Amino acid sequence: MGLLVGKRIFSIVALCMMVGLLLLPVVVALPSLAIGEETHAGDAAKKDGDKVEKGRDVYYKTEGIVSGAPAPKTTDGVKDYPRYNFESRVLLWFANQQHLYYGSFVLAVPIFCMIIEFMGVVTKDKALAKRYDQLAYDFIKISLTAYSLTAILGGILIFTFLTLYPAFFSYLSGIFRPVMHIYALMFVAESGTLYIYYYGWDKMREGFLKWIHLSMSVVLNVIGTLLMFLANSWIGFMMSPAGVDEQGRYLGNIWHVIHTALWNPLNLHRILGNMAFGGGVVAAYAAYKFLASKTDEDRAHYDWMGYIAMALGVAFLIPLPFAGYWLMREVYAYRQQMGITLMGGLLAWLFIIQATMIGILFLSTNYYLWQAMGRMRGAEKYQRYIKYLVFLLACGYMVFITPHTMVMTPAELKAMGGQQHPVLGNYGVMSAKNGGINVIITTTVLSFVWYMRGNKVSTVSWAKFGNIFMGVFFGCAYFNIIFLAVYGYYIPANVRVGLSVPQVATTLSCLFFMFALNSFMMKGAKQMGPIEWGKISARSQYALIMLATAFTWMMGLMGYIRSSVRLFWHVNEIMRDNSPWAYTHTVGFAANMISANVLFFWITILFVFWLGSLTAKKVPVESKAGIPGSVPQPAPSH
Amino acid sequence: MKALMSLGALIGVAGLLLLGGMIFDVVPSNTVRLVEGYMPIQLLLEVACFVIGFTGLSYMMNAMGMALPRFWQGIGFWVFLMLYLKFRVYPPIPFSVRAMYGTVGLVTVFMWISANEEDWNKFKQPILNVLDAQTGMNRLLRYAYLVLIPILVGGFSYNAMMPKSEEPIELRTVHPAPPASTKVHGKTYTLQTSQNPYRVNPEGKYDQEFSNANIVEQGMGRLMKPNANPWDDKNQGYLKYVREGGEIFFQNCHFCHGDNLNGRGLHAFAFNPIPANFTDPGTIAQLQETFIFWRVAKGGIGLPNEGFPWASVMPPWEQHLTVDEIWKVILFEYWHTGYYPRTWD
C-alpha cells in the first residue's frame, strides 16, 4: 500500500516536473522578452537623440519602431561566405536535411506512442492492451537513440551555418533573438520530458499511474509541436518575411515575425508530413525485422507492428495532399511569381516527380492491404475485384503524373504540332490532377474498407441494404470527383481552385462515413477465420520498405522545392544571396543529392535500429502469450 | 452474366481488331475521332472499354476451356497499353510520356498479377519452368534466353551510347514566372495588383463578373451570348473594347496565332514550337491577365533566364502597340476563347 502511494506521489511529481519544464521557457523568456523590447527601443531612441525611427512592415503594412539593423548586403568573398573547396550550399543542404529527417522522426514517434498507449489503456482485452503497451514502448525506445542523433545533427547544422553563412545566420538570429532562448529551453524541456516518460514506463504501468504516464506523453507532444512551430517560423520568415521593413529591420513585434503568411500552412503540412514519415520509418523497421525473423512468433509480432505503423502513417498521409493544396494556395496568394515558379515554371518538373512519389505511396499502401488480405480466411471474395481497383489507381496515377509541358525532342514537338498535347495536355492542369489524386485516395479508402471486413460477414439485419448503400456511395463519390474534374475546365480559374473543396469533401466523406458505417455493420460480425499474423507474403514487407523510402525521398524533394523557390534570396525580397551558389540546380543534380541524403539517412537509421536491438527488452511472458501468430486469434485491431 | 460477358468479349475483339488495323496502318488513327472538348475523358473511357472487353474475352475463353495463362495475360495487357498509346492516340505522344505511362503500366500489371499468392504463383510458373528446364522445350528456351538477353541488353546499351545527330530534348518552361513589376511605355505595372482598364461594366467600373457574362460560350458551339455581339455598332463599353481588340488582333496577331486563336495561323508552321494555342485550357485560361500583358509587351526576347531556351519569336509588342491597345487585344483573346483570366479572390 505504502509502495503504491509512493509511486503515485512519484508520478504526480514527475508530471508536475514535466509541466514545469514546459512552462519554464515561457516563464524565463517572457520577462526578458519584454525587457529586451524596451531595451531595443530605448537604445534606438537614445542613439537618435530621443528621435524614434519608424518603419513599415513589409507584410502586415503596420508601423513599428525600428529595433534592429538592416539585412546585410553581402558580397561574394570570404568575409560573408567563407568556404572550403566545396559548394557550401550542398554542405548546408546535407546538414539541414539530415537534421530534418531525424527531427521529424523524433517528433512523430512520441505522437504514435501517445495514440498506441491510449489504445492500450482503453482496450478491455488485457492481452491486447499489453501488446499495445509493448508496441508503444518499442517505438519510444527507437526514438530515444534517434533523439541523441537529432541533437548532434542540430549542432552540426548550427556550426555549418556559423562557418559557411555567418552574415546570413547572424542576421536571422538577430531577428529571432527574442525567441532564440525559448527555442533552446524548449529543447531542454523536450529532453527532460522524454527521459522521464521513457524511464518511468515500468514504474507507471498500472491503473491511475498509467493515466499519469499517458498524460506525460501529451505534455511531451505539446512541447515537441511547439518546438517545431518555432523552427517553422524561421523558414516561414525566409519565404514570406513579415515583422521587418523593406530594409529588413526588425520592427519590434516578434509575433509578426513568427506569424508570417505561410507559417500556419507550413505547420499543418509538417505535422501531417512528420506523422506519415514516422509511420513509414517504423513500418520499414518492422518489415526489416519481419524479414529477418527466425520464428513464427517474431514474424507475427513484426507483421502486426508493421500493420499498425502503416495504418497510422497512412491515416496522416490521406489528408496530406489537401494540406499541400492549402499551402500552395497561400503561396500563390502571397506571391503569384512564387506560385508560378513552383507549379508552372522553373520547378514544375520537380512537382511531376513529387506527384510520382505520392502515387508510389498510395500504390504501395494499396498493394500492402491486398497482400494483407491474404492472411485472412474469407477475404478471397474480394480478390477477383482487385484488378478493377488496379485500373482505377492506374488511371488516377497516370493523369496525376502527366506533365503539362512535355519533355521532347524538337522533332517530336513538331510532330505534336504545339507545346501542349491536345489530348494529354489536358491532364497536365490542376483540374484533372485534383480528380486523379482524389480517385487514388478514394480507392485507397475502398481497399481499407475491404481489408477491415475481409474475414467477417455482417450479421446485422440491414446488412444487404448497408452493402448496397456503400456501393452506391462509392459509385457516386467517383462520379462526383470525375465530374468536378471535367467541370473544372469550364469555369474561371479562381472558382476552379475552390472546386477542390467539394472534391476533398467527397473523398473525406467516403473515409469517415464508410468507415463508420462499416464499423456498425461489422459489430458482432461472423468471423470467417482468424487473422493469421505473420502469414503474409514477403512482397508486402517490401511494399512497406518502399513506402518508407518514398516518404523519405519525397520529404527531401519537397524540402528542396520549398527552399529553392526563393531563387537568389536568403530572405525573400529582403536579403539577397550573393554567394556563387545563388542559382537553381538542375533537376538531375537535385535528384542525385536527394538520393544521397536518403541513402545516408537509411544507413544511419539502420545503425539506430541496430543500437535499439542491443538493448532489446525481453517481452514479458504473459504479453507474449497474447501475440497472435502461434495461436490463431480473432481479428482484434480493427 | 454470360450475355454481359459475351457483349464484353465482342467489344474486346472489335477493339483489338481496330487497334490492329491502326498498328498495321490499314485503319487511320482518327477513324474513331477524338472529339475536341471531350478528348481526355474519351481516352479514359476507351481504355475502360478495353478492360471490360478483356474481362469478357477472358471469361469466354475460360468457358471454352482455352484459358489464357496469367503470365500471358499480364504481358499481353502491358503490350496492349504500349501499342494503344503509340498507335491510337494522335498527334503522337512524345517518348518521355510514353515511357512514364509504360512504367506505370508495368508496375500496375505487377500489382494485379501478384495481388494474391495464387495469381502470383500462376504468373511465376512459366518463368520457373524455363529456369528449371525439365522439358526439352524449356531447355531450348533457356539456352535461347541465355543468348538473346545479353544480345538485347548489349543492343540497348549500344543504341543508348551511340552518338546521335538528333537535337537534344528540351525541358522548356512555357510559363516562366513573371517579374513582380514591368515597365511599359515609361509606366511601371505591378503584376500582382494591376487590372485591365477596359474590363468594365456599363458604369465604367472594373467588373470581371460583368465581362465574364458576355464572353463567347464554352463547349463545342462557341456561340456569342445573346445581345453580346461586339460588332453591333450600338454596343459601348466592354463589348466595344472587345471589338477594338479584335481589330488589333486581326491586324497584328492572327498571322501566327490564327483566326480561331488556336495557334494555327498562316505563318504558324514556320516556327517550332508553333505559337501558343489560346483555346488550350493550359495557356491564357490559367494565367492572370497581367501575365499576358507582360508577355505581349516584352515578347520572346523579354523572357527571363527561367524561360530557357527562349524558344519564342514573339515580338516585343510594346514597340508596336500602345498600352491601351495591348490591354484591348488581351480583352479580345479572353472574350473569343470563352475563358476567364485567373484571379486570386
# chains A, B, ... in the order shown; residues from 1 in each chain; ligands from 1
$ closest_atom_pairs --of "chain B" --to "chain A" --cutoff "8 Å" --atoms "only C-alpha atoms" --output "Markdown table"
| residue | atom | partner | partner_atom | distance |
| --- | --- | --- | --- | --- |
| B:Met39 | CA | A:Val423 | CA | 5.6 |
| B:Pro40 | CA | A:Val423 | CA | 5.5 |
| B:Ile41 | CA | A:Val486 | CA | 7.9 |
| B:Leu44 | CA | A:Cys395 | CA | 7.3 |
| B:Pro91 | CA | A:Met416 | CA | 5.2 |
| B:Pro92 | CA | A:Met416 | CA | 6.0 |
| B:Ile93 | CA | A:Met416 | CA | 7.2 |
| B:Pro94 | CA | A:Met408 | CA | 5.8 |
| B:Phe95 | CA | A:Met408 | CA | 7.2 |
| B:Ser96 | CA | A:Val407 | CA | 6.1 |
| B:Val97 | CA | A:Met406 | CA | 7.1 |
| B:Tyr101 | CA | A:Met398 | CA | 6.4 |
| B:Val104 | CA | A:Ala394 | CA | 7.0 |
| B:Gly105 | CA | A:Ala394 | CA | 7.2 |
| B:Thr108 | CA | A:Val390 | CA | 6.3 |
| B:Met111 | CA | A:Tyr367 | CA | 6.6 |
| B:Trp112 | CA | A:Lys387 | CA | 5.6 |
| B:Ala115 | CA | A:Trp370 | CA | 6.0 |
| B:Asn116 | CA | A:Gln371 | CA | 6.2 |
| B:Glu117 | CA | A:Gly374 | CA | 7.6 |
| B:Glu167 | CA | A:Thr409 | CA | 6.4 |
| B:Pro168 | CA | A:Thr409 | CA | 6.0 |
| B:Ile169 | CA | A:Thr409 | CA | 4.2 |
| B:Glu170 | CA | A:Val407 | CA | 5.9 |
| B:Leu171 | CA | A:Val407 | CA | 5.4 |
| B:Arg172 | CA | A:Thr405 | CA | 7.3 |
| B:Thr173 | CA | A:Gly345 | CA | 5.5 |
| B:Val174 | CA | A:Thr405 | CA | 7.1 |
| B:His175 | CA | A:Gly345 | CA | 5.6 |
| B:Pro176 | CA | A:Gly345 | CA | 4.6 |
| B:Ala177 | CA | A:Thr341 | CA | 5.1 |
| B:Pro178 | CA | A:Gln337 | CA | 5.8 |
| B:Pro179 | CA | A:Gln337 | CA | 6.8 |
| B:Ala180 | CA | A:Gln337 | CA | 6.8 |
| B:Gln192 | CA | A:Gln336 | CA | 6.6 |
| B:Gln218 | CA | A:Tyr490 | CA | 6.7 |
| B:Gly219 | CA | A:Tyr490 | CA | 8.0 |
| B:Asn272 | CA | A:Lys414 | CA | 6.2 |
| B:Pro273 | CA | A:Gly418 | CA | 5.6 |
| B:Ile274 | CA | A:Gly418 | CA | 5.3 |
| B:Pro275 | CA | A:Gly418 | CA | 7.3 |
| B:Ala276 | CA | A:Gly418 | CA | 7.4 |
| B:Asn277 | CA | A:Gly418 | CA | 7.8 |
| B:Asp280 | CA | A:Pro422 | CA | 7.6 |
| B:Pro281 | CA | A:Tyr489 | CA | 6.8 |
| B:Gly282 | CA | A:Val429 | CA | 6.4 |
| B:Ala285 | CA | A:Ala493 | CA | 7.0 |
| B:Gln286 | CA | A:Ala493 | CA | 6.0 |
| B:Glu306 | CA | A:Leu346 | CA | 6.0 |
| B:Tyr339 | CA | A:Pro492 | CA | 6.9 |
| B:Tyr340 | CA | A:Pro492 | CA | 5.2 |
| B:Pro341 | CA | A:Pro492 | CA | 7.0 |
| B:Arg342 | CA | A:Ala493 | CA | 5.1 |
| B:Thr343 | CA | A:Asn494 | CA | 5.5 |
| B:Trp344 | CA | A:Asn494 | CA | 5.9 |
| B:Asp345 | CA | A:Asn494 | CA | 6.8 |
$ residues_around --residues "Gln42 of chain B" --least-positions-apart "4" --cutoff "12 Å" --atoms "only C-alpha atoms" --output "list in words"
Val423, Leu424, Asn426 and Val486 of chain A; Val32, Arg33, Leu34, Val35, Glu36, Gly37, Tyr38, Glu46, Val47, Ala48, Cys49 and Val89 of chain B
$ residues_around --residues "Asp133 of chain A" --least-positions-apart "3" --cutoff "8 Å" --atoms "only C-alpha atoms" --output "PDB file with all heavy atoms, in the first residue's frame"
ATOM      1  N   ILE A 116      -0.918   4.911 -29.382  1.00  0.00           N
ATOM      2  CA  ILE A 116      -0.912   3.460 -29.129  1.00  0.00           C
ATOM      3  C   ILE A 116      -1.077   3.184 -27.632  1.00  0.00           C
ATOM      4  O   ILE A 116      -1.804   2.274 -27.228  1.00  0.00           O
ATOM      5  CB  ILE A 116       0.373   2.824 -29.693  1.00  0.00           C
ATOM      6  CG1 ILE A 116       0.394   2.992 -31.211  1.00  0.00           C
ATOM      7  CG2 ILE A 116       0.461   1.353 -29.342  1.00  0.00           C
ATOM      8  CD1 ILE A 116       1.711   2.665 -31.849  1.00  0.00           C
ATOM      9  N   GLU A 117      -0.406   3.991 -26.825  1.00  0.00           N
ATOM     10  CA  GLU A 117      -0.538   3.800 -25.385  1.00  0.00           C
ATOM     11  C   GLU A 117      -1.991   4.028 -24.962  1.00  0.00           C
ATOM     12  O   GLU A 117      -2.539   3.297 -24.140  1.00  0.00           O
ATOM     13  CB  GLU A 117       0.399   4.752 -24.639  1.00  0.00           C
ATOM     14  CG  GLU A 117       0.626   4.332 -23.200  1.00  0.00           C
ATOM     15  CD  GLU A 117       1.515   5.305 -22.433  1.00  0.00           C
ATOM     16  OE1 GLU A 117       2.003   6.280 -23.014  1.00  0.00           O
ATOM     17  OE2 GLU A 117       1.709   5.071 -21.231  1.00  0.00           O
ATOM     18  N   GLY A 120      -4.001   1.116 -25.789  1.00  0.00           N
ATOM     19  CA  GLY A 120      -3.738   0.066 -24.805  1.00  0.00           C
ATOM     20  C   GLY A 120      -4.512   0.300 -23.518  1.00  0.00           C
ATOM     21  O   GLY A 120      -5.060  -0.637 -22.925  1.00  0.00           O
ATOM     22  N   ALA A 129      -4.109  -5.164 -24.646  1.00  0.00           N
ATOM     23  CA  ALA A 129      -3.636  -3.932 -24.011  1.00  0.00           C
ATOM     24  C   ALA A 129      -2.134  -4.008 -23.774  1.00  0.00           C
ATOM     25  O   ALA A 129      -1.400  -3.047 -24.008  1.00  0.00           O
ATOM     26  CB  ALA A 129      -4.374  -3.709 -22.703  1.00  0.00           C
ATOM     27  N   LYS A 130      -1.670  -5.173 -23.338  1.00  0.00           N
ATOM     28  CA  LYS A 130      -0.233  -5.323 -23.078  1.00  0.00           C
ATOM     29  C   LYS A 130       0.562  -5.253 -24.375  1.00  0.00           C
ATOM     30  O   LYS A 130       1.668  -4.722 -24.413  1.00  0.00           O
ATOM     31  CB  LYS A 130       0.025  -6.643 -22.365  1.00  0.00           C
ATOM     32  CG  LYS A 130      -0.268  -6.509 -20.893  1.00  0.00           C
ATOM     33  CD  LYS A 130       0.257  -7.643 -20.097  1.00  0.00           C
ATOM     34  CE  LYS A 130       0.070  -7.304 -18.611  1.00  0.00           C
ATOM     35  NZ  LYS A 130       0.024  -8.457 -17.777  1.00  0.00           N
ATOM     36  N   ALA A 136       4.129   0.507 -27.980  1.00  0.00           N
ATOM     37  CA  ALA A 136       4.445   1.920 -27.722  1.00  0.00           C
ATOM     38  C   ALA A 136       5.837   2.034 -27.119  1.00  0.00           C
ATOM     39  O   ALA A 136       6.615   2.932 -27.482  1.00  0.00           O
ATOM     40  CB  ALA A 136       3.403   2.509 -26.780  1.00  0.00           C
ATOM     41  N   TYR A 137       6.160   1.116 -26.249  1.00  0.00           N
ATOM     42  CA  TYR A 137       7.484   1.134 -25.607  1.00  0.00           C
ATOM     43  C   TYR A 137       8.582   0.898 -26.650  1.00  0.00           C
ATOM     44  O   TYR A 137       9.615   1.574 -26.650  1.00  0.00           O
ATOM     45  CB  TYR A 137       7.535   0.072 -24.515  1.00  0.00           C
ATOM     46  CG  TYR A 137       8.831   0.070 -23.741  1.00  0.00           C
ATOM     47  CD1 TYR A 137       9.040   0.991 -22.721  1.00  0.00           C
ATOM     48  CD2 TYR A 137       9.839  -0.832 -24.045  1.00  0.00           C
ATOM     49  CE1 TYR A 137      10.227   1.004 -22.019  1.00  0.00           C
ATOM     50  CE2 TYR A 137      11.035  -0.820 -23.359  1.00  0.00           C
ATOM     51  CZ  TYR A 137      11.234   0.097 -22.338  1.00  0.00           C
ATOM     52  OH  TYR A 137      12.413   0.115 -21.654  1.00  0.00           O
TER      53      TYR A 137
END
$ residues_around --residues "segment 224-228 of chain A" --least-positions-apart "6" --cutoff "7 Å" --atoms "only C-alpha atoms" --output "list in words"
Leu107, Tyr183, Met186 and Glu190 of chain A
$ write_last_selection --atoms "N, CA, C and O atoms" --output "PDB file, in the first residue's frame"
ATOM      1  N   LEU A 107       9.902  13.685 -33.526  1.00  0.00           N
ATOM      2  CA  LEU A 107       8.673  14.396 -33.170  1.00  0.00           C
ATOM      3  C   LEU A 107       7.446  13.542 -33.457  1.00  0.00           C
ATOM      4  O   LEU A 107       6.423  13.645 -32.773  1.00  0.00           O
ATOM      5  N   TYR A 183      13.505  28.797 -27.716  1.00  0.00           N
ATOM      6  CA  TYR A 183      13.733  27.633 -28.562  1.00  0.00           C
ATOM      7  C   TYR A 183      14.695  26.656 -27.881  1.00  0.00           C
ATOM      8  O   TYR A 183      14.428  25.454 -27.801  1.00  0.00           O
ATOM      9  N   MET A 186      13.114  25.051 -24.888  1.00  0.00           N
ATOM     10  CA  MET A 186      12.125  24.037 -25.284  1.00  0.00           C
ATOM     11  C   MET A 186      12.820  22.695 -25.510  1.00  0.00           C
ATOM     12  O   MET A 186      12.253  21.639 -25.239  1.00  0.00           O
ATOM     13  N   GLU A 190      11.936  19.353 -23.746  1.00  0.00           N
ATOM     14  CA  GLU A 190      11.629  18.150 -24.536  1.00  0.00           C
ATOM     15  C   GLU A 190      12.469  16.962 -24.055  1.00  0.00           C
ATOM     16  O   GLU A 190      11.952  15.870 -23.822  1.00  0.00           O
TER      17      GLU A 190
END
$ closest_residue --among "B:Thr193, B:Val296, B:Phe210, B:Ala63" --to "Lys2 of chain B" --atoms "only C-alpha atoms"
B:Ala63
$ atom_distance --atom1 "atom CA of Val244 of chain A" --atom2 "atom CA of Val52 of chain A"
15.8 Å
$ residues_around --residues "Leu239 of chain B" --least-positions-apart "5" --cutoff "8 Å" --atoms "only C-alpha atoms" --output "list of chain:residue names"
B:Ala228, B:Asn229, B:Pro230
$ closest_residue --among "A:Leu511, A:Met593, A:Leu547, A:Ala300" --to "Ile531 of chain A" --atoms "only C-alpha atoms"
A:Ala300
$ residues_around --residues "segment 153-170 of chain A" --least-positions-apart "4" --cutoff "10 Å" --atoms "only C-alpha atoms" --output "ChimeraX atom specification"
/A:71-74,78-84,87-89,91-103,147-149,174-177,570-571,575-577,579
$ residues_around --residues "Val200 of chain B" --least-positions-apart "4" --cutoff "9 Å" --atoms "only C-alpha atoms" --output "number ranges by chain"
B: 196, 204-208, 210-211, 237-238
$ write_last_selection --atoms "all heavy atoms" --output "PDB file, in the first residue's frame"
ATOM      1  N   ASN B 196      -6.954  45.183 -65.976  1.00  0.00           N
ATOM      2  CA  ASN B 196      -7.221  45.642 -67.338  1.00  0.00           C
ATOM      3  C   ASN B 196      -8.209  46.809 -67.271  1.00  0.00           C
ATOM      4  O   ASN B 196      -9.349  46.623 -66.828  1.00  0.00           O
ATOM      5  CB  ASN B 196      -7.813  44.478 -68.151  1.00  0.00           C
ATOM      6  CG  ASN B 196      -7.907  44.805 -69.631  1.00  0.00           C
ATOM      7  OD1 ASN B 196      -8.027  45.968 -70.011  1.00  0.00           O
ATOM      8  ND2 ASN B 196      -7.831  43.774 -70.453  1.00  0.00           N
ATOM      9  N   GLY B 204     -18.738  51.871 -66.133  1.00  0.00           N
ATOM     10  CA  GLY B 204     -17.326  52.215 -66.327  1.00  0.00           C
ATOM     11  C   GLY B 204     -16.409  51.739 -65.234  1.00  0.00           C
ATOM     12  O   GLY B 204     -15.246  52.136 -65.166  1.00  0.00           O
ATOM     13  N   LYS B 205     -16.917  50.842 -64.343  1.00  0.00           N
ATOM     14  CA  LYS B 205     -16.084  50.350 -63.243  1.00  0.00           C
ATOM     15  C   LYS B 205     -15.546  48.964 -63.575  1.00  0.00           C
ATOM     16  O   LYS B 205     -16.227  48.178 -64.253  1.00  0.00           O
ATOM     17  CB  LYS B 205     -16.909  50.267 -61.958  1.00  0.00           C
ATOM     18  CG  LYS B 205     -17.222  51.625 -61.384  1.00  0.00           C
ATOM     19  CD  LYS B 205     -17.866  51.489 -60.032  1.00  0.00           C
ATOM     20  CE  LYS B 205     -18.162  52.873 -59.477  1.00  0.00           C
ATOM     21  NZ  LYS B 205     -19.244  52.859 -58.539  1.00  0.00           N
ATOM     22  N   TYR B 206     -14.349  48.663 -63.049  1.00  0.00           N
ATOM     23  CA  TYR B 206     -13.759  47.338 -63.287  1.00  0.00           C
ATOM     24  C   TYR B 206     -14.719  46.283 -62.759  1.00  0.00           C
ATOM     25  O   TYR B 206     -15.130  46.336 -61.598  1.00  0.00           O
ATOM     26  CB  TYR B 206     -12.408  47.221 -62.578  1.00  0.00           C
ATOM     27  CG  TYR B 206     -11.750  45.877 -62.807  1.00  0.00           C
ATOM     28  CD1 TYR B 206     -10.944  45.679 -63.922  1.00  0.00           C
ATOM     29  CD2 TYR B 206     -11.947  44.809 -61.945  1.00  0.00           C
ATOM     30  CE1 TYR B 206     -10.352  44.451 -64.172  1.00  0.00           C
ATOM     31  CE2 TYR B 206     -11.369  43.577 -62.173  1.00  0.00           C
ATOM     32  CZ  TYR B 206     -10.575  43.401 -63.292  1.00  0.00           C
ATOM     33  OH  TYR B 206      -9.997  42.180 -63.533  1.00  0.00           O
ATOM     34  N   ASP B 207     -15.077  45.313 -63.605  1.00  0.00           N
ATOM     35  CA  ASP B 207     -16.076  44.331 -63.196  1.00  0.00           C
ATOM     36  C   ASP B 207     -15.871  43.043 -63.996  1.00  0.00           C
ATOM     37  O   ASP B 207     -16.343  42.911 -65.126  1.00  0.00           O
ATOM     38  CB  ASP B 207     -17.480  44.915 -63.444  1.00  0.00           C
ATOM     39  CG  ASP B 207     -18.582  44.027 -62.867  1.00  0.00           C
ATOM     40  OD1 ASP B 207     -18.269  42.878 -62.493  1.00  0.00           O
ATOM     41  OD2 ASP B 207     -19.730  44.497 -62.805  1.00  0.00           O
ATOM     42  N   GLN B 208     -15.186  42.121 -63.396  1.00  0.00           N
ATOM     43  CA  GLN B 208     -14.899  40.879 -64.126  1.00  0.00           C
ATOM     44  C   GLN B 208     -16.152  40.021 -64.278  1.00  0.00           C
ATOM     45  O   GLN B 208     -16.312  39.320 -65.262  1.00  0.00           O
ATOM     46  CB  GLN B 208     -13.778  40.088 -63.437  1.00  0.00           C
ATOM     47  CG  GLN B 208     -13.313  38.957 -64.335  1.00  0.00           C
ATOM     48  CD  GLN B 208     -12.041  38.306 -63.891  1.00  0.00           C
ATOM     49  OE1 GLN B 208     -11.231  38.915 -63.216  1.00  0.00           O
ATOM     50  NE2 GLN B 208     -11.846  37.064 -64.272  1.00  0.00           N
ATOM     51  N   PHE B 210     -19.115  41.030 -64.843  1.00  0.00           N
ATOM     52  CA  PHE B 210     -19.857  41.552 -65.992  1.00  0.00           C
ATOM     53  C   PHE B 210     -19.247  41.045 -67.302  1.00  0.00           C
ATOM     54  O   PHE B 210     -19.943  40.539 -68.178  1.00  0.00           O
ATOM     55  CB  PHE B 210     -19.868  43.089 -65.963  1.00  0.00           C
ATOM     56  CG  PHE B 210     -20.478  43.694 -67.187  1.00  0.00           C
ATOM     57  CD1 PHE B 210     -21.863  43.757 -67.318  1.00  0.00           C
ATOM     58  CD2 PHE B 210     -19.686  44.169 -68.230  1.00  0.00           C
ATOM     59  CE1 PHE B 210     -22.438  44.300 -68.462  1.00  0.00           C
ATOM     60  CE2 PHE B 210     -20.253  44.713 -69.377  1.00  0.00           C
ATOM     61  CZ  PHE B 210     -21.628  44.776 -69.493  1.00  0.00           C
ATOM     62  N   SER B 211     -17.936  41.156 -67.407  1.00  0.00           N
ATOM     63  CA  SER B 211     -17.289  40.726 -68.658  1.00  0.00           C
ATOM     64  C   SER B 211     -17.385  39.208 -68.819  1.00  0.00           C
ATOM     65  O   SER B 211     -17.573  38.708 -69.927  1.00  0.00           O
ATOM     66  CB  SER B 211     -15.836  41.194 -68.712  1.00  0.00           C
ATOM     67  OG  SER B 211     -15.113  40.660 -67.630  1.00  0.00           O
ATOM     68  N   GLY B 237     -18.742  50.462 -74.181  1.00  0.00           N
ATOM     69  CA  GLY B 237     -18.038  49.897 -73.022  1.00  0.00           C
ATOM     70  C   GLY B 237     -17.296  48.620 -73.363  1.00  0.00           C
ATOM     71  O   GLY B 237     -16.634  48.543 -74.416  1.00  0.00           O
ATOM     72  N   TYR B 238     -17.460  47.618 -72.523  1.00  0.00           N
ATOM     73  CA  TYR B 238     -16.681  46.374 -72.640  1.00  0.00           C
ATOM     74  C   TYR B 238     -16.730  45.781 -74.043  1.00  0.00           C
ATOM     75  O   TYR B 238     -15.691  45.482 -74.653  1.00  0.00           O
ATOM     76  CB  TYR B 238     -17.201  45.370 -71.601  1.00  0.00           C
ATOM     77  CG  TYR B 238     -16.717  43.969 -71.815  1.00  0.00           C
ATOM     78  CD1 TYR B 238     -15.390  43.624 -71.562  1.00  0.00           C
ATOM     79  CD2 TYR B 238     -17.569  42.976 -72.296  1.00  0.00           C
ATOM     80  CE1 TYR B 238     -14.933  42.324 -71.780  1.00  0.00           C
ATOM     81  CE2 TYR B 238     -17.126  41.690 -72.511  1.00  0.00           C
ATOM     82  CZ  TYR B 238     -15.810  41.364 -72.251  1.00  0.00           C
ATOM     83  OH  TYR B 238     -15.363  40.102 -72.469  1.00  0.00           O
TER      84      TYR B 238
END
$ closest_residue --among "B:Tyr90, B:Tyr241, B:Trp78, B:Trp335" --to "Leu43 of chain B" --atoms "only C-alpha atoms"
B:Tyr90
$ closest_residue --among "A:Met180, A:Ala463, A:Met119, A:Ala189" --to "Ala231 of chain A" --atoms "only C-alpha atoms"
A:Met180
$ atom_distance --atom1 "atom CA of Met558 of chain A" --atom2 "atom CA of Val109 of chain A"
21.0 Å
